[in-house]
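As stored in protein05.csv (CSV, C-alpha atoms):
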chain,number,residue,atom,x,y,z
A,19,MET,CA,112.0,35.1,49.8
A,20,LEU,CA,113.1,32.0,51.7
A,21,ASN,CA,112.1,33.6,55.0
A,22,ASP,CA,108.6,34.3,53.6
A,23,LEU,CA,108.3,30.7,52.4
A,24,ILE,CA,109.3,29.4,55.9
A,25,SER,CA,106.8,31.7,57.6
A,26,ASP,CA,104.0,30.6,55.2
A,27,PHE,CA,104.9,26.9,55.7
A,28,LEU,CA,104.8,27.2,59.5
A,29,ALA,CA,101.6,29.2,59.4
A,30,ALA,CA,100.0,26.4,57.3
A,31,MET,CA,100.8,23.8,60.0
A,32,PRO,CA,97.8,23.0,62.3
A,33,LEU,CA,100.1,22.2,65.2
A,34,PRO,CA,102.3,24.6,67.2
A,35,ALA,CA,105.7,24.6,65.4
A,36,LEU,CA,109.0,26.5,65.5
A,37,LEU,CA,112.4,26.3,63.8
A,38,VAL,CA,115.7,26.2,65.7
A,39,ASP,CA,118.8,26.7,63.6
A,40,GLN,CA,122.5,25.9,64.2
A,41,SER,CA,122.9,29.1,66.2
A,42,GLU,CA,120.5,27.5,68.7
A,43,ARG,CA,118.1,30.3,68.3
A,44,ILE,CA,114.4,30.2,67.4
A,45,ILE,CA,114.3,31.7,63.9
A,46,ALA,CA,110.5,31.2,63.1
A,47,ALA,CA,107.3,30.1,64.8
A,48,ASN,CA,103.7,30.0,63.9
A,49,ALA,CA,100.8,31.6,65.7
A,50,GLU,CA,100.0,28.4,67.7
A,51,ALA,CA,103.5,28.2,69.0
A,52,LEU,CA,103.5,31.8,70.0
A,53,THR,CA,100.3,31.2,71.9
A,54,LEU,CA,101.7,28.2,73.6
A,55,LEU,CA,105.2,29.5,74.4
A,56,GLY,CA,104.9,33.3,74.4
A,57,GLN,CA,104.8,36.1,71.8
A,58,GLN,CA,108.4,37.2,72.1
A,59,ILE,CA,110.2,33.9,71.5
A,60,ILE,CA,111.7,34.5,68.0
A,61,GLY,CA,115.4,35.3,68.1
A,62,ARG,CA,115.7,33.9,71.6
A,63,HIS,CA,118.0,30.9,72.5
A,64,PHE,CA,115.7,27.8,72.6
A,65,ALA,CA,117.0,26.8,76.1
A,66,THR,CA,115.5,30.0,77.6
A,67,ILE,CA,112.1,29.2,76.2
A,68,LEU,CA,111.9,25.4,76.4
A,69,ARG,CA,113.4,24.7,79.8
A,70,GLN,CA,112.4,21.1,80.1
A,71,PRO,CA,115.5,18.7,79.9
A,72,GLN,CA,113.9,16.1,77.7
A,73,VAL,CA,112.9,18.7,75.1
A,74,LEU,CA,116.3,20.5,75.2
A,75,ASP,CA,118.1,17.1,74.7
A,76,ALA,CA,115.9,16.2,71.7
A,77,ILE,CA,116.5,19.5,70.0
A,78,GLU,CA,120.3,19.4,70.6
A,79,ALA,CA,120.5,15.8,69.4
A,80,GLY,CA,118.6,16.8,66.2
A,81,LEU,CA,121.0,19.7,65.5
A,82,ARG,CA,123.9,17.4,66.1
A,83,ASP,CA,123.0,14.1,64.3
A,84,LYS,CA,120.2,15.4,62.0
A,85,ARG,CA,118.0,12.4,62.9
A,86,PRO,CA,114.3,12.5,64.2
A,87,HIS,CA,113.8,12.8,68.0
A,88,THR,CA,110.8,12.9,70.3
A,89,ALA,CA,110.2,14.2,73.8
A,90,ARG,CA,107.3,15.1,76.1
A,91,HIS,CA,106.5,18.7,77.0
A,92,LEU,CA,104.4,19.5,80.1
A,93,SER,CA,102.6,22.8,80.5
A,94,ASN,CA,99.5,24.4,82.0
A,95,ASP,CA,96.9,26.4,80.1
A,96,GLY,CA,95.7,28.2,83.2
A,97,ALA,CA,92.8,25.8,83.7
A,98,GLN,CA,94.6,22.4,83.7
A,99,ASP,CA,97.9,20.7,83.2
A,100,THR,CA,98.6,19.9,79.6
A,101,THR,CA,100.8,17.4,77.9
A,102,TYR,CA,102.4,17.6,74.4
A,103,ASP,CA,104.3,15.1,72.3
A,104,VAL,CA,107.2,17.0,70.8
A,105,THR,CA,108.6,15.9,67.5
A,106,CYS,CA,112.0,17.2,66.2
A,107,ARG,CA,112.8,16.8,62.5
A,108,TYR,CA,115.9,18.2,60.7
A,109,VAL,CA,115.5,20.5,57.7
A,110,ARG,CA,118.5,21.1,55.4
A,111,GLY,CA,119.5,24.3,53.8
A,112,ILE,CA,117.8,26.9,56.0
A,113,GLY,CA,118.8,29.0,59.0
A,114,ALA,CA,122.2,30.6,59.8
A,115,VAL,CA,124.5,30.2,56.7
A,116,GLN,CA,122.0,27.7,55.4
A,117,GLY,CA,123.4,25.2,57.9
A,118,GLY,CA,120.0,23.6,58.5
A,119,ALA,CA,117.5,23.8,61.4
A,120,VAL,CA,115.3,21.6,63.5
A,121,LEU,CA,111.5,21.8,63.0
A,122,VAL,CA,110.0,21.4,66.5
A,123,SER,CA,106.2,20.6,66.5
A,124,PHE,CA,103.9,20.1,69.5
A,125,GLN,CA,100.9,17.7,69.5
A,126,ASP,CA,98.4,18.1,72.3
A,127,VAL,CA,97.8,14.7,73.9
A,128,THR,CA,96.2,16.0,77.1
A,129,HIS,CA,92.9,14.2,76.3
A,130,LEU,CA,94.7,10.9,75.8
A,131,GLU,CA,96.6,11.3,79.2
A,132,GLN,CA,93.3,12.1,80.9
A,133,ALA,CA,91.6,9.1,79.3
A,134,GLY,CA,94.4,6.9,80.5
A,135,GLN,CA,94.2,8.3,84.0
A,136,MET,CA,90.4,7.8,84.0
A,137,ARG,CA,91.0,4.1,83.0
A,138,ARG,CA,93.6,3.7,85.8
A,139,ASP,CA,91.3,5.3,88.3
A,140,PHE,CA,88.4,3.1,87.2
A,141,VAL,CA,90.3,-0.1,87.5
A,142,ALA,CA,91.6,1.0,90.9
A,143,ASN,CA,88.1,1.9,92.1
A,144,VAL,CA,86.6,-1.4,90.9
A,145,SER,CA,89.4,-3.3,92.5
A,146,HIS,CA,88.9,-1.5,95.8
A,147,GLU,CA,85.2,-2.0,95.7
A,148,LEU,CA,85.5,-5.7,95.1
A,149,ARG,CA,88.4,-6.3,97.5
A,150,THR,CA,86.4,-5.4,100.7
A,151,PRO,CA,83.6,-7.9,100.3
A,152,LEU,CA,86.0,-10.6,98.9
A,153,THR,CA,88.3,-10.1,102.0
A,154,ALA,CA,85.3,-10.4,104.2
A,155,LEU,CA,84.1,-13.6,102.5
A,156,MET,CA,87.5,-15.2,102.7
A,157,GLY,CA,87.7,-14.4,106.4
A,158,PHE,CA,84.3,-15.9,107.2
A,159,ILE,CA,85.0,-19.0,105.1
A,160,GLU,CA,88.2,-19.6,107.0
A,161,THR,CA,86.3,-19.1,110.3
A,162,LEU,CA,83.6,-21.5,109.3
A,163,ARG,CA,86.1,-24.1,108.5
A,164,GLY,CA,87.8,-23.6,111.8
A,165,ALA,CA,86.5,-22.2,115.1
A,166,ALA,CA,82.8,-21.8,114.0
A,167,LYS,CA,82.6,-25.2,112.3
A,168,ASP,CA,80.5,-26.7,115.0
A,169,ASP,CA,78.7,-23.5,116.2
A,170,PRO,CA,75.3,-23.3,114.5
A,171,ILE,CA,74.5,-19.8,115.8
A,172,ALA,CA,77.8,-18.3,114.6
A,173,ARG,CA,77.5,-20.2,111.4
A,174,ASP,CA,74.0,-18.8,110.6
A,175,ARG,CA,75.2,-15.3,111.5
A,176,PHE,CA,78.3,-15.5,109.3
A,177,LEU,CA,76.3,-17.0,106.4
A,178,GLY,CA,73.9,-14.0,106.6
A,179,ILE,CA,76.9,-11.6,106.4
A,180,MET,CA,78.4,-13.5,103.6
A,181,GLU,CA,75.1,-13.4,101.7
A,182,GLY,CA,75.1,-9.6,102.1
A,183,GLU,CA,78.7,-9.2,100.9
A,184,ALA,CA,78.0,-11.5,97.9
A,185,SER,CA,74.8,-9.5,97.1
A,186,ARG,CA,76.9,-6.3,97.2
A,187,MET,CA,79.4,-7.7,94.7
A,188,ASN,CA,76.5,-8.8,92.5
A,189,ARG,CA,75.0,-5.3,92.6
A,190,LEU,CA,78.3,-3.8,91.7
A,191,VAL,CA,78.8,-6.1,88.7
A,192,GLY,CA,75.2,-5.4,87.6
A,193,ASP,CA,75.7,-1.7,87.8
A,194,LEU,CA,79.0,-2.0,85.8
A,195,LEU,CA,77.3,-3.9,83.1
A,196,SER,CA,74.4,-1.4,83.1
A,197,LEU,CA,76.8,1.5,82.9
A,198,ASN,CA,78.6,-0.1,80.0
A,199,ARG,CA,75.4,-0.6,78.0
A,200,VAL,CA,74.3,3.0,78.7
A,201,GLU,CA,77.6,4.4,77.6
A,202,SER,CA,77.5,2.3,74.4
A,203,ASP,CA,74.1,3.7,73.5
A,204,GLU,CA,74.7,7.3,74.6
A,205,ARG,CA,75.1,8.6,71.0
A,206,VAL,CA,72.0,6.7,69.7
A,207,ARG,CA,69.0,8.9,70.3
A,208,PRO,CA,65.8,7.0,71.4
A,209,LYS,CA,62.7,7.2,69.2
A,210,GLU,CA,59.9,5.7,71.2
A,211,GLN,CA,57.0,7.7,72.6
A,212,VAL,CA,57.0,7.2,76.4
A,213,ASN,CA,54.1,8.0,78.7
A,214,LEU,CA,56.1,9.7,81.5
A,215,THR,CA,53.1,10.0,83.8
A,216,GLN,CA,52.5,6.2,83.7
A,217,THR,CA,56.3,5.5,84.0
A,218,LEU,CA,56.4,7.5,87.3
A,219,GLU,CA,53.3,5.9,88.6
A,220,ASP,CA,54.7,2.4,87.9
A,221,THR,CA,58.0,3.4,89.5
A,222,LEU,CA,56.3,4.5,92.7
A,223,HIS,CA,54.1,1.4,92.8
A,224,THR,CA,57.2,-0.8,92.5
A,225,LEU,CA,59.1,1.1,95.2
A,226,ARG,CA,56.2,1.7,97.7
A,227,PRO,CA,57.1,-1.5,99.7
A,228,LEU,CA,60.7,-0.2,100.1
A,229,GLY,CA,59.3,3.2,101.2
A,230,GLU,CA,56.9,1.6,103.7
A,231,GLU,CA,59.8,-0.4,105.2
A,232,ALA,CA,61.8,2.8,105.6
A,233,GLY,CA,58.8,4.7,106.9
A,234,VAL,CA,58.7,7.0,103.9
A,235,VAL,CA,55.6,8.2,102.1
A,236,LEU,CA,55.9,8.4,98.3
A,237,HIS,CA,53.7,11.0,96.5
A,238,LEU,CA,53.3,12.0,92.9
A,239,THR,CA,52.0,15.4,91.6
A,240,ALA,CA,51.3,15.4,87.9
A,241,PRO,CA,49.1,17.3,85.4
A,242,GLU,CA,45.7,15.8,84.7
A,243,GLU,CA,46.7,15.0,81.1
A,244,ASP,CA,49.4,12.4,80.5
A,245,VAL,CA,52.8,13.8,79.6
A,246,GLU,CA,54.7,12.1,76.8
A,247,VAL,CA,58.3,12.3,75.8
A,248,THR,CA,60.5,10.6,73.2
A,249,GLY,CA,62.7,8.2,75.0
A,250,ASP,CA,63.7,4.7,76.0
A,251,PRO,CA,61.1,3.4,78.5
A,252,ASP,CA,63.3,1.0,80.3
A,253,GLN,CA,66.1,3.5,80.7
A,254,LEU,CA,63.8,6.2,81.9
A,255,ARG,CA,62.3,3.8,84.5
A,256,GLN,CA,65.9,3.1,85.6
A,257,VAL,CA,66.6,6.8,86.0
A,258,PHE,CA,63.6,7.4,88.3
A,259,THR,CA,64.0,4.1,90.1
A,260,ASN,CA,67.6,5.1,91.0
A,261,LEU,CA,66.6,8.6,92.1
A,262,VAL,CA,63.6,7.6,94.2
A,263,GLU,CA,65.6,4.7,95.8
A,264,ASN,CA,68.3,7.2,96.7
A,265,ALA,CA,65.7,9.6,98.1
A,266,ILE,CA,64.3,6.8,100.3
A,267,LYS,CA,67.7,5.6,101.5
A,268,TYR,CA,69.3,8.9,102.2
A,269,GLY,CA,66.3,11.1,102.9
A,270,ALA,CA,64.3,8.6,105.1
A,271,SER,CA,64.6,10.8,108.1
A,272,GLY,CA,62.3,13.3,106.3
A,273,GLY,CA,59.5,10.7,106.1
A,274,ARG,CA,58.4,11.8,102.6
A,275,VAL,CA,59.5,11.8,99.0
A,276,ASP,CA,57.7,13.9,96.5
A,277,LEU,CA,57.8,13.4,92.7
A,278,VAL,CA,56.6,16.5,90.8
A,279,LEU,CA,56.0,16.3,87.1
A,280,THR,CA,55.5,19.5,85.1
A,281,SER,CA,55.3,20.2,81.4
A,282,SER,CA,56.1,23.4,79.4
A,283,GLU,CA,56.1,24.5,75.8
A,284,ARG,CA,59.5,26.0,76.2
A,285,ASP,CA,62.0,25.1,78.9
A,286,PRO,CA,65.1,27.4,79.0
A,287,ALA,CA,67.3,24.5,80.0
A,288,VAL,CA,66.8,22.7,76.6
A,289,ARG,CA,65.3,25.6,74.6
A,290,ALA,CA,62.4,23.5,73.6
A,291,ALA,CA,59.2,21.9,74.8
A,292,ALA,CA,60.1,19.7,77.8
A,293,ALA,CA,59.0,17.8,80.8
A,294,ARG,CA,60.5,18.3,84.3
A,295,VAL,CA,60.5,15.6,87.0
A,296,GLN,CA,61.6,16.7,90.4
A,297,VAL,CA,62.5,14.1,93.1
A,298,ILE,CA,62.3,15.9,96.4
A,299,ASP,CA,63.2,14.5,99.8
A,300,LYS,CA,63.2,16.2,103.2
A,301,GLY,CA,66.3,14.4,104.6
A,302,PRO,CA,69.6,15.7,105.9
A,303,GLY,CA,70.6,17.1,102.6
A,304,ILE,CA,74.0,17.2,100.9
A,305,ASP,CA,76.9,19.5,101.5
A,306,PRO,CA,77.1,21.8,98.4
A,307,VAL,CA,80.8,21.0,98.1
A,308,HIS,CA,79.9,17.5,96.9
A,309,LEU,CA,77.3,18.6,94.3
A,310,PRO,CA,79.6,19.1,91.3
A,311,ARG,CA,81.1,15.5,91.7
A,312,LEU,CA,78.0,13.5,92.6
A,313,THR,CA,77.7,12.0,89.1
A,314,GLU,CA,81.3,10.8,89.0
A,315,ARG,CA,81.8,7.0,89.1
A,316,PHE,CA,82.3,5.7,92.6
A,317,TYR,CA,82.1,9.2,94.1
A,318,ARG,CA,80.2,9.2,97.4
A,319,ALA,CA,79.3,12.2,99.6
A,320,ASP,CA,79.3,9.8,102.6
A,321,ASN,CA,81.4,6.7,101.9
A,322,HIS,CA,80.5,4.8,105.1
A,323,ARG,CA,76.8,5.5,105.0
A,324,SER,CA,76.6,4.7,101.3
A,325,ARG,CA,78.3,1.3,101.8
A,326,GLN,CA,76.0,0.5,104.8
A,327,LEU,CA,73.0,1.1,102.6
A,328,GLY,CA,74.3,-1.1,99.8
A,329,GLY,CA,75.2,1.7,97.4
A,330,THR,CA,77.7,0.9,94.6
A,331,GLY,CA,78.6,4.6,93.8
A,332,LEU,CA,77.5,4.1,90.2
A,333,GLY,CA,73.8,4.9,90.3
A,334,LEU,CA,74.0,8.7,89.6
A,335,ALA,CA,76.7,8.0,86.9
A,336,ILE,CA,74.2,5.8,85.1
A,337,VAL,CA,71.4,8.4,85.5
A,338,LYS,CA,73.7,11.1,84.0
A,339,HIS,CA,74.5,9.0,80.9
A,340,ILE,CA,70.9,8.1,80.3
A,341,VAL,CA,69.8,11.7,80.6
A,342,ASN,CA,72.6,12.7,78.2
A,343,ARG,CA,71.3,10.1,75.7
A,344,HIS,CA,67.9,11.7,75.9
A,345,ARG,CA,69.5,15.2,75.3
A,346,GLY,CA,68.2,16.2,78.7
A,347,ARG,CA,69.6,17.9,81.8
A,348,LEU,CA,70.2,16.7,85.3
A,349,ARG,CA,70.2,19.3,88.1
A,350,VAL,CA,70.9,18.8,91.8
A,351,GLU,CA,70.1,21.3,94.5
A,352,SER,CA,70.7,20.7,98.2
A,353,GLU,CA,71.7,22.3,101.4
A,354,LEU,CA,72.6,20.6,104.7
A,355,GLY,CA,69.5,20.2,106.8
A,356,GLN,CA,67.2,21.2,103.9
A,357,GLY,CA,66.8,18.0,101.9
A,358,ALA,CA,67.7,17.5,98.2
A,359,VAL,CA,66.0,18.1,94.9
A,360,PHE,CA,67.1,16.1,91.8
A,361,THR,CA,65.6,17.5,88.6
A,362,VAL,CA,65.5,15.6,85.3
A,363,ILE,CA,64.6,17.8,82.3
A,364,LEU,CA,63.6,15.8,79.1
A,365,PRO,CA,62.8,17.3,75.7
A,366,LYS,CA,59.3,16.4,74.5
What does this structure look like when you write it as structure tokens?
Amino acid sequence: MLNDLISDFLAAMPLPALLVDQSERIIAANAEALTLLGQQIIGRHFATILRQPQVLDAIEAGLRDKRPHTARHLSNDGAQDTTYDVTCRYVRGIGAVQGGAVLVSFQDVTHLEQAGQMRRDFVANVSHELRTPLTALMGFIETLRGAAKDDPIARDRFLGIMEGEASRMNRLVGDLLSLNRVESDERVRPKEQVNLTQTLEDTLHTLRPLGEEAGVVLHLTAPEEDVEVTGDPDQLRQVFTNLVENAIKYGASGGRVDLVLTSSERDPAVRAAAARVQVIDKGPGIDPVHLPRLTERFYRADNHRSRQLGGTGLGLAIVKHIVNRHRGRLRVESELGQGAVFTVILPK
């Protein structure tokens, strides 16, 4: 009767949980614990199953002093490393000769660990991105105060470089603020009707001088009737501005950037009526190994070239979050030497 009660109690717990009695053997475990630790753990000595010193020490201490103890259990689910907070609590009157047992429960905190690592990586990346221009500025200021103080030619050259580095920091801060705003609104679905055709025309009109400077022709292909979607007009303009700017910067050698707008009553990507915008360049393309990570913050397929062209490494991350807010999809296709195609799919 007591064993049935213990089994029912453990089965009702939403966390992986097991009992270790004074014989130091596992006397009961719920289905979640069996999935985590193995199907044949009941009756085994806990040290042969839980081999991590911190966890063993916590269980032994709980059996000895009957007080609560905690530990950290590290594992792997086959796809990623996992982290569990282990809590040990003493339960009286059960187990061998009713001498009591320790209830060991496992709480999965992998997502918290990953979030913490993401924050640490983000701070490290921002610090790295700011340190380079700041170091350059400090070096030039020192030079201007010393050796180049009375050299007007060197002074003008250094001030030009300093202006470029300051602009780079300004762009980075602007993109960080933009990314923060976009992430804050990501769960709020936009409700305005946006003329997508007009948005693309306005984007190309704005960027045409940049294209002419780079020797790139910008061309839009769209249906005769205007295409409308539900969205945020400013954010959608930001998406296509970022994508076309990237196509001009990185695909300039192809001499042409095409925007192709199509509309369908049912798009398989969103399972609804949708508009597709393809930004196509004829440049050197992107190695497919980089494609899965292109939308990560600060990830660059070509670090040196991106910095030379003034990239902050945040543009595609901003694009991804805006498209997510619109319940859309972002697709990237590219091969080395074959150019690149960025496709934005937006529900209508």
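Here CA of Leu238 in chain A and CA of Leu277 in chain A stand 4.7 Å from one another.
Using all atoms listed in the file for every distance, the candidate list A:Gln116, A:Ser145, A:Gln253, A:Gln356 yields A:Gln356 as the residue closest to Ser271 in chain A.
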Between CA of Ala35 in chain A and CA of Met136 in chain A, distance in Å (one decimal): 29.4 Å
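Going from CA of Arg226 in chain A over to CA of Arg311 in chain A, you cover 29.1 Å.
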If we count all atoms listed in the file and set the cut-off at 12 Å, which residues sit around Ala65 in chain A, ignoring sequence neighbours fewer than 3 positions away in its own chain? Please answer as a count of residues only. 19
Shell around Met156 in chain A at 12 Å using only C-alpha atoms, local window under 4 positions removed, as a PyMOL selection string: chain A and resi 149-152+160-163+176-177+179-180+183-184
Please produce an output containing C-alpha atoms for each residue in the selection, written as a PDB file, keeping the file's coordinate frame.
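Wrote it out as again32.pdb, contents follow:
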ATOM      1  CA  ARG A 149      88.400  -6.300  97.500  1.00  0.00           C
ATOM      2  CA  THR A 150      86.400  -5.400 100.700  1.00  0.00           C
ATOM      3  CA  PRO A 151      83.600  -7.900 100.300  1.00  0.00           C
ATOM      4  CA  LEU A 152      86.000 -10.600  98.900  1.00  0.00           C
ATOM      5  CA  GLU A 160      88.200 -19.600 107.000  1.00  0.00           C
ATOM      6  CA  THR A 161      86.300 -19.100 110.300  1.00  0.00           C
ATOM      7  CA  LEU A 162      83.600 -21.500 109.300  1.00  0.00           C
ATOM      8  CA  ARG A 163      86.100 -24.100 108.500  1.00  0.00           C
ATOM      9  CA  PHE A 176      78.300 -15.500 109.300  1.00  0.00           C
ATOM     10  CA  LEU A 177      76.300 -17.000 106.400  1.00  0.00           C
ATOM     11  CA  ILE A 179      76.900 -11.600 106.400  1.00  0.00           C
ATOM     12  CA  MET A 180      78.400 -13.500 103.600  1.00  0.00           C
ATOM     13  CA  GLU A 183      78.700  -9.200 100.900  1.00  0.00           C
ATOM     14  CA  ALA A 184      78.000 -11.500  97.900  1.00  0.00           C
TER      15      ALA A 184
END
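Here the question is which of A:Ala172, A:Val359, A:Val245, A:Leu190 gets nearest to Gly269 in chain A using only C-alpha atoms, and that residue is A:Val359.
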Of A:Leu309, A:Ala293, A:Ala270, A:Val206, the one nearest to His339 in chain A when counting only C-alpha atoms is A:Val206
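Proximity ranking of A:Leu254, A:Val295, A:Ala240, A:Ala154 relative to Val362 in chain A places A:Val295 first, based on only C-alpha atoms.
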Hey, what's within 12 Å of Val144 in chain A if we count all atoms listed in the file and toss same-chain stuff fewer than 2 positions away? As a PyMOL selection string, please? chain A and resi 137-142+146-151+187+190-191+193-194+315-317+330-332
Residues of range 228-260 of chain A that approach range 299-303 of chain A to 12 Å or less, counting only C-alpha atoms: could you list each one with the shortest pair of atoms and its distance in Å to one decimal, rows by chain and increasing residue number, as CSV?
residue,atom,partner,partner_atom,distance
A:Val234,CA,A:Asp299,CA,9.7
A:Val235,CA,A:Asp299,CA,10.1
A:Leu236,CA,A:Asp299,CA,9.6
A:His237,CA,A:Asp299,CA,10.6
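Compared by their closest atoms to Thr128 in chain A, and using all atoms listed in the file, the residues A:Leu92, A:Val212, A:Leu23, A:Ile112 rank with A:Leu92 nearest.
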